[in-house]
$ cat final32.txt   # compact mmCIF, C-alpha atoms
# COMPACT_ATOMS: atom_id res chain seq x y z
CA MET A 1 -15.42 -19.44 104.26
CA ASP A 2 -12.80 -16.72 104.06
CA VAL A 3 -10.21 -19.15 102.56
CA GLU A 4 -12.60 -20.51 99.91
CA LYS A 5 -13.61 -17.02 98.75
CA PRO A 6 -10.16 -15.89 97.53
CA ALA A 7 -9.60 -19.31 95.89
CA ARG A 8 -12.94 -19.02 94.12
CA GLU A 9 -12.12 -15.46 93.01
CA GLY A 10 -8.71 -16.60 91.66
CA SER A 11 -10.26 -19.45 89.70
CA GLU A 12 -12.92 -17.13 88.27
CA ALA A 13 -10.20 -14.64 87.29
CA ARG A 14 -8.22 -17.43 85.47
CA VAL A 15 -11.36 -18.56 83.66
CA ASP A 16 -12.06 -14.96 82.65
CA LEU A 17 -8.50 -14.51 81.35
CA ARG A 18 -8.74 -17.73 79.33
CA GLU A 19 -12.00 -16.56 77.86
CA ARG A 20 -10.56 -13.13 77.00
CA ALA A 21 -7.28 -14.45 75.53
CA PRO A 22 -7.23 -14.02 71.74
CA GLU A 23 -7.21 -17.11 69.63
CA PRO A 24 -4.22 -17.69 67.36
CA SER A 25 -5.05 -16.36 63.90
CA ALA A 26 -3.90 -17.61 60.54
CA PRO A 27 -1.11 -15.75 58.74
CA PRO A 28 -2.47 -12.83 56.71
CA VAL A 29 -2.93 -13.32 53.03
CA ARG A 30 -1.75 -10.55 50.73
CA GLU A 31 -4.43 -8.72 48.86
CA GLY A 32 -4.59 -9.50 45.17
CA THR A 33 -2.75 -12.89 45.47
CA ALA A 34 -4.65 -16.16 45.41
CA PRO A 35 -3.47 -19.04 47.61
CA GLU A 36 -1.16 -21.33 45.68
CA GLY A 37 -1.87 -25.02 45.35
CA CYS A 38 0.44 -28.01 45.50
CA LEU A 39 0.54 -28.20 41.70
CA ALA A 40 2.10 -24.72 41.39
CA VAL A 41 4.63 -25.47 44.14
CA ALA A 42 5.54 -28.81 42.53
CA ILE A 43 5.99 -27.26 39.08
CA ARG A 44 7.86 -24.10 40.14
CA ILE A 45 11.33 -25.41 41.20
CA PRO A 46 12.07 -27.83 38.28
CA VAL A 47 10.72 -25.34 35.76
CA ARG A 48 12.91 -22.57 37.18
CA ILE A 49 16.00 -24.82 37.16
CA VAL A 50 15.44 -25.89 33.53
CA VAL A 51 14.65 -22.36 32.38
CA LEU A 52 17.71 -20.96 34.20
CA VAL A 53 19.97 -23.50 32.49
CA LEU A 54 18.46 -22.59 29.11
CA VAL A 55 18.37 -18.82 29.64
CA VAL A 56 21.93 -18.22 31.00
CA PRO A 57 23.71 -18.81 27.63
CA VAL A 58 21.09 -16.72 25.82
CA ARG A 59 21.50 -13.84 28.29
CA MET A 60 25.30 -13.96 28.04
CA VAL A 61 25.13 -13.95 24.23
CA TRP A 62 22.61 -11.10 24.43
CA ASP A 63 24.88 -9.03 26.72
CA ALA A 64 27.86 -9.69 24.44
CA LEU A 65 25.84 -8.59 21.41
CA VAL A 66 24.71 -5.46 23.29
CA VAL A 67 28.31 -4.53 24.16
CA ALA A 68 29.45 -5.20 20.59
CA GLY A 69 26.53 -3.21 19.21
CA ARG A 70 27.31 -0.23 21.44
CA PHE A 71 30.98 -0.36 20.44
CA LEU A 72 30.11 -0.56 16.73
CA ASN A 73 27.56 2.22 17.15
CA ASP A 74 30.10 4.53 18.80
CA VAL A 75 33.00 3.66 16.49
CA LEU A 76 31.42 2.90 13.12
CA PHE A 77 27.70 3.41 12.72
CA ARG A 78 27.37 6.91 14.20
CA PRO A 79 30.28 8.47 12.19
CA VAL A 80 29.17 6.70 9.02
CA GLY A 81 25.59 7.84 9.65
CA ARG A 82 26.71 11.44 10.13
CA ALA A 83 28.81 11.27 6.96
CA LEU A 84 25.90 9.78 5.00
CA LEU A 85 23.56 12.40 6.43
CA TRP A 86 25.89 15.20 5.36
CA LEU A 87 26.34 13.58 1.95
CA GLY A 88 22.57 13.20 1.56
CA ARG A 89 22.07 16.85 2.44
CA ALA A 90 24.78 17.91 0.00
CA VAL A 91 23.47 15.72 -2.82
CA PHE A 92 19.70 15.88 -2.35
CA VAL A 93 18.58 18.62 0.05
CA TRP A 94 20.76 21.61 -0.78
CA PRO A 95 20.29 21.42 -4.61
CA PHE A 96 16.51 21.22 -4.19
CA VAL A 97 16.55 24.07 -1.68
CA GLY A 98 18.58 26.20 -4.09
CA LEU A 99 16.28 25.22 -6.98
CA TRP A 100 13.21 26.10 -4.91
CA ARG A 101 14.63 29.37 -3.59
CA TYR A 102 16.28 30.72 -6.72
CA VAL A 103 14.24 29.17 -9.56
CA VAL A 104 10.78 27.94 -8.54
CA VAL A 105 9.86 30.85 -6.24
CA PRO A 106 10.86 33.63 -8.70
CA VAL A 107 9.20 31.79 -11.61
CA GLY A 108 6.05 31.29 -9.49
CA LYS A 109 5.95 34.96 -8.56
CA ALA A 110 6.38 35.93 -12.22
CA LEU A 111 3.62 33.52 -13.31
CA GLY A 112 1.35 34.81 -10.54
CA TRP A 113 1.88 38.39 -11.63
CA LEU A 114 1.34 37.42 -15.28
CA GLY A 115 -1.84 35.50 -14.42
CA ASN A 116 -3.11 38.46 -12.41
CA VAL A 117 -2.46 40.83 -15.29
CA LEU A 118 -3.77 38.58 -18.08
CA VAL A 119 -6.65 36.74 -16.34
CA VAL A 120 -7.79 38.27 -13.06
CA VAL A 121 -7.85 41.93 -14.09
CA PRO A 122 -9.79 41.27 -17.38
CA LEU A 123 -12.27 39.01 -15.57
CA VAL A 124 -12.85 41.63 -12.85
CA TRP A 125 -13.38 44.29 -15.54
CA LEU A 126 -15.78 41.98 -17.45
CA TYR A 127 -17.74 41.20 -14.26
CA ARG A 128 -17.92 44.80 -13.14
CA TYR A 129 -18.70 46.57 -16.43
CA VAL A 130 -20.48 43.86 -18.51
CA LEU A 131 -22.00 41.05 -16.46
CA THR A 132 -23.27 43.22 -13.58
CA PRO A 133 -25.25 45.64 -15.82
CA ALA A 134 -26.51 42.71 -17.92
CA GLY A 135 -27.60 40.88 -14.75
CA HIS A 136 -29.42 43.97 -13.48
CA ALA A 137 -31.22 44.26 -16.82
CA ILE A 138 -32.18 40.57 -16.83
CA ALA A 139 -33.42 40.86 -13.22
CA TRP A 140 -35.53 43.90 -14.11
CA ALA A 141 -37.01 42.06 -17.12
CA ALA A 142 -37.67 38.94 -15.02
CA LYS A 143 -39.35 41.08 -12.37
CA GLY A 144 -41.68 42.58 -15.00
CA LEU A 145 -42.39 39.16 -16.48
CA GLY A 146 -43.13 37.81 -12.99
CA ALA A 147 -45.57 40.65 -12.35
CA ALA A 148 -47.36 39.92 -15.67
CA LEU A 149 -47.50 36.18 -14.93
CA GLY A 150 -48.83 36.92 -11.42
CA TRP A 151 -51.61 39.07 -12.86
CA ILE A 152 -52.48 36.32 -15.37
CA TYR A 153 -52.53 33.70 -12.60
CA ALA A 154 -54.67 35.81 -10.27
CA SER A 155 -57.07 37.16 -12.86
CA LEU A 156 -57.48 34.24 -15.29
CA LEU A 157 -56.08 30.93 -14.12
CA THR A 158 -57.44 31.02 -10.55
CA PRO A 159 -61.14 31.52 -11.50
CA VAL A 160 -60.88 28.89 -14.27
CA GLY A 161 -59.30 26.46 -11.79
CA HIS A 162 -62.03 26.98 -9.23
CA ALA A 163 -64.70 26.32 -11.88
CA VAL A 164 -62.96 23.13 -13.03
CA VAL A 165 -62.68 21.90 -9.40
CA ARG A 166 -66.43 22.44 -8.83
CA VAL A 167 -67.28 20.55 -12.00
CA LEU A 168 -64.95 17.65 -11.15
CA ARG A 169 -66.26 17.44 -7.56
CA GLY A 170 -69.85 17.09 -8.83
CA LEU A 171 -69.02 14.56 -11.56
CA VAL A 172 -66.12 12.47 -10.06
CA VAL A 173 -65.61 12.93 -6.31
CA VAL A 174 -69.14 12.04 -5.11
CA PRO A 175 -69.38 8.76 -7.08
CA ALA A 176 -65.83 7.82 -6.11
CA LEU A 177 -66.59 8.42 -2.40
CA TRP A 178 -69.75 6.29 -2.63
CA LEU A 179 -67.82 3.50 -4.38
CA TYR A 180 -65.07 3.58 -1.69
CA THR A 181 -67.56 3.56 1.21
CA TRP A 182 -69.87 0.77 0.04
CA ALA A 183 -67.64 -1.44 -2.11
CA ILE A 184 -63.87 -1.02 -1.70
CA ALA A 185 -63.78 -0.57 2.14
CA PRO A 186 -65.79 -3.77 2.99
CA VAL A 187 -63.76 -5.82 0.52
CA GLY A 188 -60.53 -4.44 1.98
CA ARG A 189 -61.60 -5.26 5.55
CA ALA A 190 -62.39 -8.85 4.51
CA ILE A 191 -59.05 -9.19 2.78
CA ALA A 192 -57.23 -7.73 5.85
CA TRP A 193 -59.03 -10.18 8.19
CA CYS A 194 -58.08 -13.11 5.98
CA GLY A 195 -54.47 -11.82 5.85
CA LYS A 196 -54.31 -11.57 9.67
CA GLY A 197 -55.56 -15.13 10.03
CA LEU A 198 -53.00 -16.36 7.49
CA VAL A 199 -50.22 -14.47 9.25
CA TRP A 200 -51.24 -15.96 12.62
CA LEU A 201 -51.24 -19.46 11.15
CA VAL A 202 -47.81 -18.99 9.51
CA SER A 203 -46.37 -17.46 12.73
CA ALA A 204 -47.70 -20.38 14.78
CA ILE A 205 -46.14 -22.90 12.39
CA VAL A 206 -42.82 -21.01 12.36
CA THR A 207 -42.84 -20.70 16.18
CA GLY A 208 -43.40 -24.43 16.60
CA ILE A 209 -40.64 -25.28 14.14
CA GLY A 210 -38.32 -22.77 15.87
CA MET A 211 -39.00 -24.23 19.33
CA ALA A 212 -38.38 -27.74 18.00
CA LEU A 213 -35.11 -26.66 16.37
CA TYR A 214 -34.12 -24.80 19.56
CA TRP A 215 -34.58 -27.84 21.80
CA ILE A 216 -32.92 -30.16 19.27
CA THR A 217 -29.93 -27.79 19.04
CA ARG A 218 -29.79 -27.41 22.81
CA LEU A 219 -29.91 -31.17 23.44
CA LEU A 220 -27.53 -32.15 20.66
CA LEU A 221 -25.01 -29.27 20.69
CA VAL A 222 -25.27 -26.84 23.60
CA LEU A 223 -25.49 -29.25 26.54
CA PRO A 224 -22.62 -31.51 25.28
CA ALA A 225 -20.49 -28.45 24.55
CA LEU A 226 -21.27 -27.02 27.99
CA ALA A 227 -20.38 -30.32 29.68
CA LEU A 228 -17.17 -30.55 27.64
CA TRP A 229 -16.26 -26.99 28.64
CA ARG A 230 -17.14 -27.42 32.32
CA TRP A 231 -15.63 -30.87 32.97
CA VAL A 232 -12.75 -31.08 30.45
CA LEU A 233 -11.61 -27.78 28.93
CA ALA A 234 -11.89 -25.61 32.06
CA PRO A 235 -9.76 -27.92 34.30
CA VAL A 236 -7.20 -28.42 31.53
CA GLY A 237 -7.14 -24.66 30.95
CA ARG A 238 -6.55 -24.01 34.65
CA VAL A 239 -3.65 -26.48 34.68
CA LEU A 240 -2.19 -24.93 31.51
CA ALA A 241 -2.67 -21.45 32.99
CA VAL A 242 -0.76 -22.48 36.13
CA ILE A 243 2.01 -23.99 33.99
CA GLY A 244 2.14 -20.93 31.74
CA ARG A 245 2.23 -18.54 34.72
CA GLU A 246 5.02 -20.53 36.32
CA ILE A 247 6.97 -20.61 33.04
CA ARG A 248 6.50 -16.85 32.66
CA ASP A 249 7.64 -16.18 36.22
CA ALA A 250 10.51 -18.63 35.77
CA LEU A 251 11.59 -16.86 32.58
CA GLY A 252 11.57 -13.48 34.32
CA HIS A 253 13.42 -14.81 37.35
CA ALA A 254 15.92 -16.71 35.18
CA TRP A 255 16.49 -13.64 32.98
CA ARG A 256 17.28 -11.51 36.04
CA VAL A 257 19.53 -14.19 37.55
CA ALA A 258 21.23 -14.70 34.17
CA GLY A 259 21.79 -10.96 34.00
CA ARG A 260 23.56 -11.02 37.35
CA ILE A 261 25.60 -14.06 36.28
CA SER A 262 26.46 -12.39 32.96
CA LEU A 263 27.44 -9.20 34.80
CA ALA A 264 29.67 -11.19 37.16
CA VAL A 265 31.24 -13.08 34.25
CA GLY A 266 31.75 -9.84 32.35
CA ARG A 267 33.38 -8.19 35.33
CA PHE A 268 35.60 -11.26 35.84
CA LEU A 269 36.63 -11.24 32.18
CA GLY A 270 37.19 -7.48 32.31
CA THR A 271 39.33 -7.83 35.45
CA LEU A 272 41.22 -10.74 33.89
CA PHE A 273 41.82 -8.76 30.69
CA ARG A 274 42.97 -5.77 32.74
CA TRP A 275 45.42 -7.81 34.83
CA ILE A 276 46.67 -9.84 31.86
CA PHE A 277 46.95 -7.11 29.23
CA VAL A 278 46.13 -3.60 30.43
CA GLU A 279 48.13 -3.54 33.66
CA PRO A 280 51.31 -5.02 32.09
CA VAL A 281 51.03 -2.56 29.22
CA ARG A 282 50.45 0.31 31.66
CA TRP A 283 53.38 -0.84 33.83
CA MET A 284 55.57 -1.18 30.71
CA TYR A 285 54.56 2.30 29.55
CA ARG A 286 54.95 3.89 32.97
CA SER A 287 58.09 2.07 34.21
CA VAL A 288 60.03 1.38 31.00
CA LEU A 289 58.89 3.37 28.01
CA THR A 290 58.38 6.68 29.82
CA PRO A 291 61.90 6.78 31.42
CA VAL A 292 63.45 5.57 28.15
CA GLY A 293 61.50 8.21 26.27
CA HIS A 294 62.65 10.91 28.70
CA VAL A 295 66.26 9.75 28.35
CA VAL A 296 65.99 9.69 24.56
CA ARG A 297 64.35 13.11 24.59
CA ASP A 298 66.97 14.65 26.88
CA THR A 299 70.04 12.98 25.36
CA VAL A 300 69.16 12.70 21.68
CA LEU A 301 66.11 14.63 20.55
CA ARG A 302 66.78 17.93 22.32
CA PRO A 303 70.44 18.18 21.18
CA VAL A 304 69.37 17.22 17.65
CA ALA A 305 66.61 19.83 17.77
CA GLU A 306 69.01 22.48 19.09
CA ALA A 307 71.55 21.61 16.40
CA ALA A 308 68.82 21.74 13.74
CA ARG A 309 67.66 25.13 15.03
CA GLY A 310 71.31 26.38 15.01
CA VAL A 311 71.78 25.13 11.45
CA GLY A 312 68.55 26.78 10.47
CA ARG A 313 69.59 30.10 12.01
CA ALA A 314 73.02 29.94 10.32
CA THR A 315 71.38 29.06 6.99
CA ARG A 316 68.92 31.94 7.28
CA GLN A 317 71.75 34.37 8.18
CA ALA A 318 73.84 33.15 5.24
CA LEU A 319 70.88 33.51 2.88
CA THR A 320 70.17 37.00 4.21
CA ALA A 321 73.81 38.03 3.75
CA ALA A 322 73.85 36.58 0.24
CA ARG A 323 70.60 38.36 -0.60
CA GLU A 324 72.02 41.68 0.66
CA SER A 325 75.25 41.14 -1.34
CA VAL A 326 73.27 40.41 -4.52
CA ARG A 327 71.08 43.48 -3.96
CA GLN A 328 74.18 45.70 -3.40
CA ALA A 329 75.91 44.31 -6.46
CA ARG A 330 72.85 44.94 -8.60
CA ALA A 331 72.62 48.52 -7.30
CA ASP A 332 76.32 49.12 -8.05
CA PHE A 333 75.94 47.68 -11.54
CA ARG A 334 72.90 49.90 -12.21
CA ARG A 335 74.78 52.95 -10.88
CA MET A 336 77.78 52.11 -13.11
CA LEU A 337 75.60 51.88 -16.21
CA PHE A 338 73.09 54.68 -15.69
CA GLY A 339 74.79 56.90 -13.16
CA GLU A 340 73.44 58.34 -9.98
CA PRO A 341 69.71 59.07 -9.99
CA ARG A 342 68.76 62.73 -9.84
CA GLN A 343 67.65 63.94 -6.43
CA PRO A 344 64.45 66.00 -6.39
CA ARG A 345 65.01 69.71 -5.73
CA PRO A 346 63.28 71.18 -2.71
CA VAL A 347 60.52 73.68 -3.61
CA ASP A 348 60.44 76.94 -1.74
CA ARG A 349 56.88 77.42 -0.62
CA GLY A 350 57.51 80.24 1.82
CA GLU A 351 57.18 77.96 4.76
CA PRO A 352 59.48 78.11 7.80
CA SER A 353 62.29 75.60 7.52
CA GLY A 354 62.83 74.95 11.21
CA ARG A 355 60.64 74.10 14.06
CA GLU A 356 59.46 77.70 14.35
CA THR A 357 55.76 78.25 14.22
CA ARG A 358 54.10 80.61 11.79
CA THR A 359 53.22 83.96 13.42
CA LEU A 360 52.22 87.41 12.20
CA ASP A 361 55.44 88.98 13.46
CA SER A 362 57.79 86.66 11.60
CA SER A 363 56.57 87.82 8.12
CA THR A 364 56.51 84.24 6.75
CA THR A 365 53.25 84.48 4.83
CA ALA A 366 52.49 86.08 1.49
CA LEU A 367 50.32 88.72 3.12
CA THR A 368 52.99 89.94 5.55
CA LYS A 369 56.05 89.46 3.29
CA ASP A 370 58.00 92.68 2.37
$ encode --input "final32.txt" --output "structure tokens"
Amino acid sequence: MDVEKPAREGSEARVDLRERAPEPSAPPVREGTAPEGCLAVAIRIPVRIVVLVLVVPVRMVWDALVVAGRFLNDVLFRPVGRALLWLGRAVFVWPFVGLWRYVVVPVGKALGWLGNVLVVVPLVWLYRYVLTPAGHAIAWAAKGLGAALGWIYASLLTPVGHAVVRVLRGLVVVPALWLYTWAIAPVGRAIAWCGKGLVWLVSAIVTGIGMALYWITRLLLVLPALALWRWVLAPVGRVLAVIGREIRDALGHAWRVAGRISLAVGRFLGTLFRWIFVEPVRWMYRSVLTPVGHVVRDTVLRPVAEAARGVGRATRQALTAARESVRQARADFRRMLFGEPRQPRPVDRGEPSGRETRTLDSSTTALTKD
């Protein structure tokens, strides 16, 4: 009994563990994405291959055009646009601005002042000193006329009107009311009842015809169209939607892949151009032309420049000496013809001649002079 009990407990524990073990679950499906069918998977790869083959040349041409457009924009279009903008401002904007600022605005101000003086001020004077008193007089006269008409209406017309109404009520209203009650109203009710019956009959006929037309239209047009939509157009539309979605995704994927291919090709061509043309030119400039240029500069250009500067200095000195000689000769010739010019005589103003300062003890002023 003791041996069977642990065995039974172990078997029960294994059964319990098997019951508690979680069942394998299906892979989670992303939210917002519907499960794809075999048609989409079968269409996707060939469509992407064909689209990639067609899109790669287009993307490479597009990238080449973009690079060429940027180069032309930086080198040609932007400077030409700035020049045309400046030319347009100089030809069209600035003359009109000057015309507006220095012609139209002053002329407008002058016309405004003239209109104010010739039109506004006389009209204000006419309104204030002519029309306003005349209006007050007309209002006073109208008020008096209104009072007279009110008295006439209250004293004469109102009693006459009341008398006429009493006479008409006795002669016209009572017979007309009797005629309406005993003749016109019964005839009108009969006519209304006949009209209601006619309307009901016409509405019944129209309703029957409408129901017949509705069922004929439904059987001949709506149900066939619904069947065509449900069993033909909807499946074909789903297939075309799958194909269109795959083509759209293939175009996007191919455009991105073609961009990477175009970038790689561009980098390869750029590297090839650099190693074939730029690097040899740079090496030639750095290793050959620069040392040769330094040698030419040190051995030829600098001595030539120094010699040219020395010649220039000698030429300037010679010209200066010649200019001084000509000036001296002209002064000697003038002195030989006209003599020495008279020197101005110094005027004695009673001022000290040396560096001595003026004081009261030195008697150098007119007040203290002996």
$ atom_distance --input "final32.txt" --atom1 "CA of His253 (chain A)" --atom2 "CA of Leu52 (chain A)"
8.1 Å
$ atom_distance --input "final32.txt" --atom1 "CA of Asp249 (chain A)" --atom2 "CA of Arg230 (chain A)"
27.5 Å
$ atom_distance --input "final32.txt" --atom1 "CA of Ala212 (chain A)" --atom2 "CA of Pro224 (chain A)"
17.8 Å
$ closest_residue --input "final32.txt" --among "A:Val130, A:Ala321, A:Ala331, A:Ile243" --to "Pro46 (chain A)" --atoms "all atoms listed in the file"
A:Ile243
$ closest_atom_pairs --input "final32.txt" --of "region 165-186 of chain A" --to "region 136-160 of chain A" --cutoff "12 Å" --atoms "all atoms listed in the file" --output "JSON lines"
{"residue": "A:Val165", "atom": "CA", "partner": "A:Val160", "partner_atom": "CA", "distance": 8.7}
{"residue": "A:Arg166", "atom": "CA", "partner": "A:Val160", "partner_atom": "CA", "distance": 10.1}
{"residue": "A:Val167", "atom": "CA", "partner": "A:Val160", "partner_atom": "CA", "distance": 10.8}
$ residues_around --input "final32.txt" --residues "Arg59 (chain A)" --least-positions-apart "3" --cutoff "12 Å" --atoms "only C-alpha atoms" --output "list in words"
Val51, Leu52, Val53, Leu54, Val55, Val56, Trp62, Asp63, Ala64, Leu65, Val66, Leu251, Gly252, Ala254, Trp255, Arg256, Val257, Ala258, Gly259, Arg260, Ile261, Ser262, Leu263, Val265 and Gly266 of chain A
